[in-house]
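Pasting coords.pdb here (PDB, C-alpha atoms):
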```pdb
ATOM      1  CA  MET F   1      21.584  -1.145  12.134
ATOM      2  CA  ILE F   2      24.329   0.980  10.541
ATOM      3  CA  ASN F   3      22.978   2.881   7.538
ATOM      4  CA  VAL F   4      25.545   3.451   4.787
ATOM      5  CA  ILE F   5      25.684   5.245   1.444
ATOM      6  CA  PHE F   6      28.396   4.534  -1.128
ATOM      7  CA  VAL F   7      29.735   7.221  -3.473
ATOM      8  CA  ASP F   8      31.874   5.778  -6.291
ATOM      9  CA  ASP F   9      31.833   6.171 -10.071
ATOM     10  CA  HIS F  10      32.788   2.524 -10.678
ATOM     11  CA  GLU F  11      29.550   0.575 -10.861
ATOM     12  CA  MET F  12      31.122  -2.839 -10.318
ATOM     13  CA  VAL F  13      32.909  -1.622  -7.187
ATOM     14  CA  ARG F  14      29.637  -0.248  -5.813
ATOM     15  CA  ILE F  15      27.777  -3.438  -6.627
ATOM     16  CA  GLY F  16      30.400  -5.706  -5.057
ATOM     17  CA  VAL F  17      31.008  -3.778  -1.860
ATOM     18  CA  SER F  18      27.342  -2.868  -1.400
ATOM     19  CA  ALA F  19      26.281  -6.492  -1.811
ATOM     20  CA  TYR F  20      28.781  -7.646   0.808
ATOM     21  CA  LEU F  21      27.857  -4.922   3.287
ATOM     22  CA  SER F  22      24.133  -5.476   2.836
ATOM     23  CA  ALA F  23      24.651  -9.161   3.609
ATOM     24  CA  GLN F  24      25.885  -8.217   7.082
ATOM     25  CA  SER F  25      23.338  -8.430   9.856
ATOM     26  CA  ASP F  26      24.223  -4.993  11.256
ATOM     27  CA  ILE F  27      24.819  -2.958   8.076
ATOM     28  CA  GLN F  28      22.532  -1.830   5.276
ATOM     29  CA  VAL F  29      23.352   0.252   2.194
ATOM     30  CA  ILE F  30      20.535   2.768   1.800
ATOM     31  CA  GLY F  31      21.871   4.674  -1.208
ATOM     32  CA  GLU F  32      24.486   4.837  -3.954
ATOM     33  CA  ALA F  33      25.815   7.736  -6.006
ATOM     34  CA  ASP F  34      28.187   7.773  -8.966
ATOM     35  CA  ASP F  35      29.753  11.212  -8.488
ATOM     36  CA  GLY F  36      30.679  13.600  -5.708
ATOM     37  CA  ALA F  37      27.937  16.164  -6.325
ATOM     38  CA  ALA F  38      25.222  13.505  -6.203
ATOM     39  CA  GLY F  39      26.918  12.052  -3.128
ATOM     40  CA  VAL F  40      26.776  15.383  -1.289
ATOM     41  CA  LYS F  41      23.073  15.743  -2.081
ATOM     42  CA  MET F  42      22.306  12.182  -1.010
ATOM     43  CA  ALA F  43      24.335  12.439   2.207
ATOM     44  CA  LEU F  44      22.589  15.619   3.313
ATOM     45  CA  GLU F  45      19.155  14.212   2.448
ATOM     46  CA  LEU F  46      19.519  10.727   3.945
ATOM     47  CA  ARG F  47      21.928  11.547   6.815
ATOM     48  CA  PRO F  48      23.413   8.012   6.908
ATOM     49  CA  ASP F  49      25.556   6.770   9.770
ATOM     50  CA  ILE F  50      28.507   6.216   7.433
ATOM     51  CA  ILE F  51      29.468   7.574   4.009
ATOM     52  CA  LEU F  52      31.876   5.530   1.884
ATOM     53  CA  MET F  53      33.591   7.987  -0.461
ATOM     54  CA  ASP F  54      35.747   7.393  -3.535
ATOM     55  CA  LEU F  55      38.306  10.112  -4.291
ATOM     56  CA  VAL F  56      38.636  10.305  -8.084
ATOM     57  CA  MET F  57      35.297  10.965  -9.801
ATOM     58  CA  LYS F  58      34.311  12.954 -12.886
ATOM     59  CA  GLU F  59      31.830  15.595 -11.772
ATOM     60  CA  MET F  60      33.255  16.319  -8.310
ATOM     61  CA  ASP F  61      36.095  14.535  -6.558
ATOM     62  CA  GLY F  62      35.782  12.934  -3.149
ATOM     63  CA  ILE F  63      37.908  15.549  -1.408
ATOM     64  CA  GLU F  64      35.607  18.384  -2.432
ATOM     65  CA  ALA F  65      32.526  16.280  -1.709
ATOM     66  CA  THR F  66      33.882  15.467   1.753
ATOM     67  CA  ARG F  67      34.608  19.120   2.439
ATOM     68  CA  LEU F  68      31.114  20.216   1.383
ATOM     69  CA  ILE F  69      29.413  17.525   3.472
ATOM     70  CA  ILE F  70      31.418  18.359   6.589
ATOM     71  CA  GLU F  71      30.795  22.082   6.149
ATOM     72  CA  GLN F  72      27.035  21.503   6.184
ATOM     73  CA  TRP F  73      26.977  18.473   8.489
ATOM     74  CA  PRO F  74      30.041  18.442  10.801
ATOM     75  CA  GLU F  75      28.952  15.219  12.535
ATOM     76  CA  ALA F  76      29.112  13.178   9.306
ATOM     77  CA  LYS F  77      31.402  10.142   9.392
ATOM     78  CA  ILE F  78      33.138   9.651   6.070
ATOM     79  CA  ILE F  79      35.369   6.726   5.122
ATOM     80  CA  ILE F  80      37.553   7.270   2.078
ATOM     81  CA  VAL F  81      37.736   4.114  -0.068
ATOM     82  CA  THR F  82      40.262   4.643  -2.837
ATOM     83  CA  SER F  83      43.142   3.221  -4.832
ATOM     84  CA  PHE F  84      45.361   6.224  -4.155
ATOM     85  CA  LEU F  85      48.029   6.680  -1.501
ATOM     86  CA  ASP F  86      49.861   9.756  -2.800
ATOM     87  CA  ASP F  87      50.255  12.778  -0.552
ATOM     88  CA  GLU F  88      48.019  14.925  -2.771
ATOM     89  CA  LYS F  89      45.100  12.630  -1.922
ATOM     90  CA  VAL F  90      45.735  11.377   1.620
ATOM     91  CA  TYR F  91      46.322  14.621   3.497
ATOM     92  CA  PRO F  92      43.685  16.788   1.747
ATOM     93  CA  ALA F  93      41.080  14.049   2.285
ATOM     94  CA  LEU F  94      41.784  13.847   6.024
ATOM     95  CA  GLU F  95      42.016  17.611   6.345
ATOM     96  CA  ALA F  96      38.665  17.935   4.553
ATOM     97  CA  GLY F  97      37.120  15.978   7.401
ATOM     98  CA  ALA F  98      37.250  12.284   6.487
ATOM     99  CA  THR F  99      37.298  10.082   9.574
ATOM    100  CA  SER F 100      38.904   6.958   8.103
ATOM    101  CA  TYR F 101      40.937   6.013   5.030
ATOM    102  CA  MET F 102      40.787   2.600   3.343
ATOM    103  CA  LEU F 103      42.156   1.179   0.114
ATOM    104  CA  LYS F 104      40.131  -0.631  -2.537
ATOM    105  CA  THR F 105      42.632  -3.460  -2.256
ATOM    106  CA  SER F 106      41.283  -4.102   1.254
ATOM    107  CA  LYS F 107      39.172  -7.181   1.811
ATOM    108  CA  ALA F 108      35.428  -6.579   1.904
ATOM    109  CA  SER F 109      35.452  -7.809   5.500
ATOM    110  CA  GLU F 110      38.040  -5.148   6.388
ATOM    111  CA  ILE F 111      35.850  -2.423   4.910
ATOM    112  CA  ALA F 112      32.886  -3.787   6.861
ATOM    113  CA  ASN F 113      34.960  -3.686  10.060
ATOM    114  CA  ALA F 114      36.053  -0.134   9.231
ATOM    115  CA  VAL F 115      32.383   0.812   8.904
ATOM    116  CA  ARG F 116      31.668  -0.625  12.356
ATOM    117  CA  SER F 117      34.727   0.960  13.983
ATOM    118  CA  THR F 118      34.103   4.376  12.432
ATOM    119  CA  PHE F 119      30.448   4.188  13.467
ATOM    120  CA  HIS F 120      31.616   3.653  17.056
ATOM    121  CA  GLY F 121      33.876   6.713  16.963
ATOM    122  CA  GLN F 122      37.228   5.247  15.967
ATOM    123  CA  THR F 123      39.551   6.383  13.192
ATOM    124  CA  VAL F 124      40.656   3.576  10.882
ATOM    125  CA  LEU F 125      43.712   4.201   8.701
ATOM    126  CA  GLU F 126      45.439   1.823   6.333
ATOM    127  CA  PRO F 127      48.941   0.963   7.653
ATOM    128  CA  GLU F 128      50.447   2.681   4.612
ATOM    129  CA  VAL F 129      48.579   5.875   5.457
ATOM    130  CA  THR F 130      49.741   5.777   9.069
ATOM    131  CA  GLY F 131      53.305   5.224   7.866
ATOM    132  CA  LYS F 132      53.131   8.199   5.522
ATOM    133  CA  MET F 133      51.785  10.391   8.288
ATOM    134  CA  MET F 134      54.565   9.366  10.629
ATOM    135  CA  ALA F 135      57.280   9.794   8.004
ATOM    136  CA  LYS F 136      56.247  13.151   6.626
ATOM    137  CA  MET F 137      54.376  14.964   9.343
ATOM    138  CA  ARG F 138      57.128  14.546  11.937
ATOM    139  CA  LYS F 139      59.582  16.550   9.875
ATOM    140  CA  LYS F 140      58.481  20.109  10.556
ATOM    141  CA  PRO F 141      56.366  20.694  13.637
ATOM    142  CA  GLU F 142      54.485  23.964  13.163
ATOM    143  CA  SER F 143      53.699  24.785  16.778
ATOM    144  CA  ALA F 144      53.795  23.531  20.309
ATOM    145  CA  ALA F 145      50.115  23.746  21.179
ATOM    146  CA  HIS F 146      50.342  20.351  22.861
ATOM    147  CA  GLU F 147      52.608  21.844  25.515
ATOM    148  CA  SER F 148      49.483  23.391  27.032
ATOM    149  CA  LEU F 149      47.936  19.954  27.568
ATOM    150  CA  THR F 150      47.852  18.549  31.091
ATOM    151  CA  ASN F 151      49.414  15.159  31.787
ATOM    152  CA  ARG F 152      45.950  13.586  31.793
ATOM    153  CA  GLU F 153      45.039  15.250  28.492
ATOM    154  CA  MET F 154      48.273  14.067  26.922
ATOM    155  CA  GLU F 155      47.497  10.549  28.131
ATOM    156  CA  ILE F 156      44.051  10.736  26.575
ATOM    157  CA  LEU F 157      45.425  12.133  23.303
ATOM    158  CA  LEU F 158      47.720   9.108  23.008
ATOM    159  CA  LEU F 159      44.755   6.800  23.601
ATOM    160  CA  MET F 160      42.810   8.678  20.924
ATOM    161  CA  ALA F 161      45.720   8.056  18.549
ATOM    162  CA  GLN F 162      45.295   4.345  19.287
ATOM    163  CA  GLY F 163      41.721   4.562  18.052
ATOM    164  CA  LYS F 164      40.111   4.356  21.495
ATOM    165  CA  THR F 165      36.531   5.565  21.853
ATOM    166  CA  ASN F 166      35.490   7.854  24.691
ATOM    167  CA  GLN F 167      34.008   4.876  26.527
ATOM    168  CA  GLU F 168      37.198   2.823  26.076
ATOM    169  CA  ILE F 169      39.283   5.746  27.328
ATOM    170  CA  ALA F 170      37.035   6.103  30.364
ATOM    171  CA  ASP F 171      37.261   2.383  31.108
ATOM    172  CA  GLU F 172      41.048   2.262  30.733
ATOM    173  CA  LEU F 173      41.659   5.305  32.924
ATOM    174  CA  PHE F 174      38.901   4.443  35.436
ATOM    175  CA  ILE F 175      37.131   7.760  34.933
ATOM    176  CA  ALA F 176      33.517   8.627  34.118
ATOM    177  CA  LEU F 177      32.483   8.788  30.460
ATOM    178  CA  LYS F 178      31.404  12.395  30.981
ATOM    179  CA  THR F 179      34.876  13.224  32.325
ATOM    180  CA  ALA F 180      36.519  11.600  29.293
ATOM    181  CA  LYS F 181      34.324  13.673  26.971
ATOM    182  CA  VAL F 182      35.265  16.866  28.804
ATOM    183  CA  HIS F 183      38.971  16.040  28.441
ATOM    184  CA  VAL F 184      38.570  15.278  24.725
ATOM    185  CA  SER F 185      36.767  18.592  24.170
ATOM    186  CA  SER F 186      39.541  20.408  26.033
ATOM    187  CA  ILE F 187      42.190  18.683  23.888
ATOM    188  CA  LEU F 188      40.449  19.689  20.656
ATOM    189  CA  SER F 189      40.179  23.273  21.887
ATOM    190  CA  LYS F 190      43.817  23.547  23.002
ATOM    191  CA  LEU F 191      45.131  21.998  19.782
ATOM    192  CA  ASP F 192      42.784  24.214  17.760
ATOM    193  CA  VAL F 193      41.433  21.279  15.753
ATOM    194  CA  GLN F 194      37.880  20.448  14.731
ATOM    195  CA  ASP F 195      37.621  16.759  15.512
ATOM    196  CA  ARG F 196      39.335  13.600  16.786
ATOM    197  CA  THR F 197      40.832  12.775  13.385
ATOM    198  CA  GLN F 198      42.649  16.108  13.231
ATOM    199  CA  ALA F 199      43.834  15.604  16.810
ATOM    200  CA  VAL F 200      45.310  12.230  15.812
ATOM    201  CA  ILE F 201      46.991  13.831  12.789
ATOM    202  CA  TYR F 202      48.463  16.453  15.146
ATOM    203  CA  ALA F 203      49.790  13.728  17.426
ATOM    204  CA  PHE F 204      51.607  12.035  14.554
ATOM    205  CA  LYS F 205      52.826  15.319  13.140
ATOM    206  CA  HIS F 206      54.428  16.355  16.406
ATOM    207  CA  SER F 207      55.995  12.964  17.169
ATOM    208  CA  LEU F 208      53.749  12.377  20.166
ATOM    209  CA  VAL F 209      53.130   8.750  19.169
ATOM    210  CA  GLU F 210      55.441   6.063  17.861
TER     211      GLU F 210
END
```

Go ahead and express the file in the form of structure tokens.
Amino acid sequence: MINVIFVDDHEMVRIGVSAYLSAQSDIQVIGEADDGAAGVKMALELRPDIILMDLVMKEMDGIEATRLIIEQWPEAKIIIVTSFLDDEKVYPALEAGATSYMLKTSKASEIANAVRSTFHGQTVLEPEVTGKMMAKMRKKPESAAHESLTNREMEILLLMAQGKTNQEIADELFIALKTAKVHVSSILSKLDVQDRTQAVIYAFKHSLVE
């Protein structure tokens, strides 16, 4: 069972999405909060598998809430669920540590699938978000850290950008899961990033994926 909390200041949105998710056989909503500060407290107390996080809220926005959660609990998996696609929201949210980014215009079934995929280690981005990343982040590469990657590590980075889990990478490359994990750790270290999401952002930013 995937335990989820939902942080959003719109009650009807929480009610609708929570009801749909709770009706799934493999997902249960164990808590709801109506502002970022309450969401941070709830996340750190309940330690859910997935945190659904709105961005624009009165007391504390979702970006700050995401940053505070990740600082205190780096393993947290946070899915942004918002109406906003502007650069001032997308990039700071991902840089704060969000794993996935969904829009409120998504179907409830798509959000449920994003919950499952994120739970299993994948990054789920709305097509518009991926497009923005490709369009903007390719413009000015800041470094060439990826040049230190081996051919195998580069291959694995591209698979990570496709949303592949460690197990899927191991299966596709016919290597042991432990070996795949070692390569992923090496990639994160060489790129000087904290997690898989930031590694994927790096790949887009440096035109490593199409």

Contacts of F:Leu94 at 9 Å or less, counting all atoms listed in the file, minus same-chain residues fewer than 4 places along, as a tab-separated table (two decimals) with C-alpha atoms, in the coordinates of the input?
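Printed below is out04.tsv as written:
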```tsv
chain	number	residue	atom	x	y	z
F	63	ILE	CA	37.91	15.55	-1.41
F	80	ILE	CA	37.55	7.27	2.08
F	89	LYS	CA	45.10	12.63	-1.92
F	90	VAL	CA	45.74	11.38	1.62
F	98	ALA	CA	37.25	12.28	6.49
F	99	THR	CA	37.30	10.08	9.57
F	100	SER	CA	38.90	6.96	8.10
F	101	TYR	CA	40.94	6.01	5.03
F	197	THR	CA	40.83	12.78	13.38
F	198	GLN	CA	42.65	16.11	13.23
F	201	ILE	CA	46.99	13.83	12.79
```

Discussion item. Env of F:Ile70: 8 Å cut, atoms = all atoms listed in the file, seq-sep filter 6 positions within chain, self excluded. Answer as a ChimeraX atom specification.
Written reply: /F:76,96-97

Would you mind exporting C-alpha atoms of the selected residues as a compact mmCIF listing (two decimals), in the frame of the given file?
```txt
# COMPACT_ATOMS: atom_id res chain seq x y z
CA ALA F 76 29.11 13.18 9.31
CA ALA F 96 38.66 17.93 4.55
CA GLY F 97 37.12 15.98 7.40
```

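We find atom CA of F:Glu11 and atom CA of F:Pro74 to be spaced 28.1 Å apart.
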
Worksheet, complete the sentence: atom CA of F:Leu173 sits from atom CA of F:Ala145 at a separation of 23.4 Å

Practice prompt. Evaluate the PyMOL selection byres ((chain F and resi 57) around 10) here and jot the selected residues down as a PyMOL selection string.
Written response: chain F and resi 7-10+34-37+53-56+58-63

Discussion item. The PyMOL selection byres ((chain F and resi 146-148) around 12) - which residues does that actually catch in the file I just gave you? List them as a ChimeraX atom specification.
Written reply: /F:141-145,149-155,157-158,186-193,199-200,202-208

Fill in: Within 9 Å of F:Phe6 using only C-alpha atoms, minus same-chain residues under 2 positions, as a PyMOL selection string
chain F and resi 4+8+14+17-18+29-34+39+50-54

Discussion item. So, with only C-alpha atoms as the atoms that count, which of F:Ala19, F:Val129, F:Met1, F:Ala180 lies closest to F:Asp87?
Written reply: F:Val129

Using all atoms of stretch 76-94 of chain F that appear in the file, construct an axis-aligned enclosing box with 3 Å of padding on every side and provide its centre coordinates and edge lengths in Å, rounded to one decimal, as JSON.
```
{"center_x": 39.7, "center_y": 10.0, "center_z": 2.3, "size_x": 27.1, "size_y": 19.6, "size_z": 20.2}
```

Worksheet, complete the sentence: Atom pair atom CA of F:Asp195 + atom CA of F:Lys181, distance 12.3 Å

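Distances from F:Ser185, F:Thr130, F:Gln72, F:Asn113 to F:Ile27 were compared using only C-alpha atoms, and the smallest one belongs to F:Asn113.
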
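Closest approach to F:Glu95 from the set F:Lys164, F:Arg47, F:Lys178, F:Arg196 is made by F:Arg196, with distances taken over only C-alpha atoms.
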
Discussion item. Using all atoms listed in the file, which protein or nucleic acid residues come within 10 Å of F:Pro127? Drop anything in the same chain fewer than 4 positions from it, and give the result as number ranges by chain.
Written reply: F: 101-102, 131-133

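For F:Thr118, the residues within 10 Å (counting all atoms listed in the file, excluding itself and residues fewer than 6 positions away along the chain) are Asp49, Ile50, Lys77, Ile78, Ile79, Thr99, Ser100, Ala112, Val124, Gly163 and Thr165 of chain F.
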
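Among the candidates F:Val182, F:Val13, F:Met160, F:Ala38, the residue lying nearest to F:Thr105 is F:Val13 (atoms considered: all atoms listed in the file).
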
Generate the coordinates of N, CA, C and O atoms for stretch 81-103 of chain F; report them as a PDB file, in the frame of the given file.
```pdb
ATOM      1  N   VAL F  81      37.412   5.436   0.485  1.00  0.00           N
ATOM      2  CA  VAL F  81      37.736   4.114  -0.068  1.00  0.00           C
ATOM      3  C   VAL F  81      38.292   4.361  -1.453  1.00  0.00           C
ATOM      4  O   VAL F  81      37.555   4.698  -2.386  1.00  0.00           O
ATOM      5  N   THR F  82      39.601   4.220  -1.612  1.00  0.00           N
ATOM      6  CA  THR F  82      40.262   4.643  -2.837  1.00  0.00           C
ATOM      7  C   THR F  82      41.414   3.725  -3.206  1.00  0.00           C
ATOM      8  O   THR F  82      41.807   2.854  -2.427  1.00  0.00           O
ATOM      9  N   SER F  83      41.964   3.966  -4.394  1.00  0.00           N
ATOM     10  CA  SER F  83      43.142   3.221  -4.832  1.00  0.00           C
ATOM     11  C   SER F  83      44.415   4.045  -4.640  1.00  0.00           C
ATOM     12  O   SER F  83      45.511   3.567  -4.908  1.00  0.00           O
ATOM     13  N   PHE F  84      44.248   5.285  -4.181  1.00  0.00           N
ATOM     14  CA  PHE F  84      45.361   6.224  -4.155  1.00  0.00           C
ATOM     15  C   PHE F  84      45.967   6.413  -2.769  1.00  0.00           C
ATOM     16  O   PHE F  84      45.249   6.545  -1.775  1.00  0.00           O
ATOM     17  N   LEU F  85      47.291   6.479  -2.737  1.00  0.00           N
ATOM     18  CA  LEU F  85      48.029   6.680  -1.501  1.00  0.00           C
ATOM     19  C   LEU F  85      48.979   7.872  -1.577  1.00  0.00           C
ATOM     20  O   LEU F  85      49.766   8.082  -0.670  1.00  0.00           O
ATOM     21  N   ASP F  86      48.922   8.643  -2.665  1.00  0.00           N
ATOM     22  CA  ASP F  86      49.861   9.756  -2.800  1.00  0.00           C
ATOM     23  C   ASP F  86      49.474  10.898  -1.862  1.00  0.00           C
ATOM     24  O   ASP F  86      48.314  11.047  -1.456  1.00  0.00           O
ATOM     25  N   ASP F  87      50.459  11.707  -1.522  1.00  0.00           N
ATOM     26  CA  ASP F  87      50.255  12.778  -0.552  1.00  0.00           C
ATOM     27  C   ASP F  87      49.146  13.742  -0.957  1.00  0.00           C
ATOM     28  O   ASP F  87      48.436  14.285  -0.108  1.00  0.00           O
ATOM     29  N   GLU F  88      49.004  13.971  -2.279  1.00  0.00           N
ATOM     30  CA  GLU F  88      48.019  14.925  -2.771  1.00  0.00           C
ATOM     31  C   GLU F  88      46.591  14.448  -2.548  1.00  0.00           C
ATOM     32  O   GLU F  88      45.640  15.206  -2.712  1.00  0.00           O
ATOM     33  N   LYS F  89      46.436  13.173  -2.190  1.00  0.00           N
ATOM     34  CA  LYS F  89      45.100  12.630  -1.922  1.00  0.00           C
ATOM     35  C   LYS F  89      44.903  12.383  -0.422  1.00  0.00           C
ATOM     36  O   LYS F  89      43.858  12.741   0.130  1.00  0.00           O
ATOM     37  N   VAL F  90      45.887  11.776   0.223  1.00  0.00           N
ATOM     38  CA  VAL F  90      45.735  11.377   1.620  1.00  0.00           C
ATOM     39  C   VAL F  90      45.492  12.570   2.540  1.00  0.00           C
ATOM     40  O   VAL F  90      44.475  12.638   3.239  1.00  0.00           O
ATOM     41  N   TYR F  91      46.425  13.525   2.545  1.00  0.00           N
ATOM     42  CA  TYR F  91      46.322  14.621   3.497  1.00  0.00           C
ATOM     43  C   TYR F  91      45.131  15.531   3.244  1.00  0.00           C
ATOM     44  O   TYR F  91      44.404  15.878   4.184  1.00  0.00           O
ATOM     45  N   PRO F  92      44.869  15.947   1.984  1.00  0.00           N
ATOM     46  CA  PRO F  92      43.685  16.788   1.747  1.00  0.00           C
ATOM     47  C   PRO F  92      42.384  16.094   2.145  1.00  0.00           C
ATOM     48  O   PRO F  92      41.460  16.743   2.636  1.00  0.00           O
ATOM     49  N   ALA F  93      42.309  14.779   1.933  1.00  0.00           N
ATOM     50  CA  ALA F  93      41.080  14.049   2.285  1.00  0.00           C
ATOM     51  C   ALA F  93      40.855  14.073   3.793  1.00  0.00           C
ATOM     52  O   ALA F  93      39.743  14.313   4.268  1.00  0.00           O
ATOM     53  N   LEU F  94      41.911  13.827   4.570  1.00  0.00           N
ATOM     54  CA  LEU F  94      41.784  13.847   6.024  1.00  0.00           C
ATOM     55  C   LEU F  94      41.536  15.259   6.535  1.00  0.00           C
ATOM     56  O   LEU F  94      40.735  15.484   7.448  1.00  0.00           O
ATOM     57  N   GLU F  95      42.203  16.229   5.925  1.00  0.00           N
ATOM     58  CA  GLU F  95      42.016  17.611   6.345  1.00  0.00           C
ATOM     59  C   GLU F  95      40.618  18.121   5.998  1.00  0.00           C
ATOM     60  O   GLU F  95      40.087  18.999   6.670  1.00  0.00           O
ATOM     61  N   ALA F  96      40.017  17.543   4.948  1.00  0.00           N
ATOM     62  CA  ALA F  96      38.665  17.935   4.553  1.00  0.00           C
ATOM     63  C   ALA F  96      37.635  17.437   5.555  1.00  0.00           C
ATOM     64  O   ALA F  96      36.508  17.929   5.587  1.00  0.00           O
ATOM     65  N   GLY F  97      38.024  16.454   6.370  1.00  0.00           N
ATOM     66  CA  GLY F  97      37.120  15.978   7.401  1.00  0.00           C
ATOM     67  C   GLY F  97      36.816  14.499   7.394  1.00  0.00           C
ATOM     68  O   GLY F  97      36.000  14.030   8.187  1.00  0.00           O
ATOM     69  N   ALA F  98      37.471  13.737   6.493  1.00  0.00           N
ATOM     70  CA  ALA F  98      37.250  12.284   6.487  1.00  0.00           C
ATOM     71  C   ALA F  98      37.708  11.693   7.813  1.00  0.00           C
ATOM     72  O   ALA F  98      38.709  12.118   8.384  1.00  0.00           O
ATOM     73  N   THR F  99      36.971  10.716   8.302  1.00  0.00           N
ATOM     74  CA  THR F  99      37.298  10.082   9.574  1.00  0.00           C
ATOM     75  C   THR F  99      38.273   8.930   9.394  1.00  0.00           C
ATOM     76  O   THR F  99      39.196   8.748  10.193  1.00  0.00           O
ATOM     77  N   SER F 100      38.079   8.144   8.336  1.00  0.00           N
ATOM     78  CA  SER F 100      38.904   6.958   8.103  1.00  0.00           C
ATOM     79  C   SER F 100      39.346   6.904   6.646  1.00  0.00           C
ATOM     80  O   SER F 100      38.785   7.594   5.786  1.00  0.00           O
ATOM     81  N   TYR F 101      40.358   6.083   6.377  1.00  0.00           N
ATOM     82  CA  TYR F 101      40.937   6.013   5.030  1.00  0.00           C
ATOM     83  C   TYR F 101      41.288   4.564   4.717  1.00  0.00           C
ATOM     84  O   TYR F 101      42.157   3.974   5.351  1.00  0.00           O
ATOM     85  N   MET F 102      40.584   3.989   3.733  1.00  0.00           N
ATOM     86  CA  MET F 102      40.787   2.600   3.343  1.00  0.00           C
ATOM     87  C   MET F 102      41.161   2.511   1.869  1.00  0.00           C
ATOM     88  O   MET F 102      40.866   3.415   1.087  1.00  0.00           O
ATOM     89  N   LEU F 103      41.794   1.412   1.506  1.00  0.00           N
ATOM     90  CA  LEU F 103      42.156   1.179   0.114  1.00  0.00           C
ATOM     91  C   LEU F 103      41.200   0.173  -0.522  1.00  0.00           C
ATOM     92  O   LEU F 103      40.669  -0.707   0.154  1.00  0.00           O
TER      93      LEU F 103
END
```
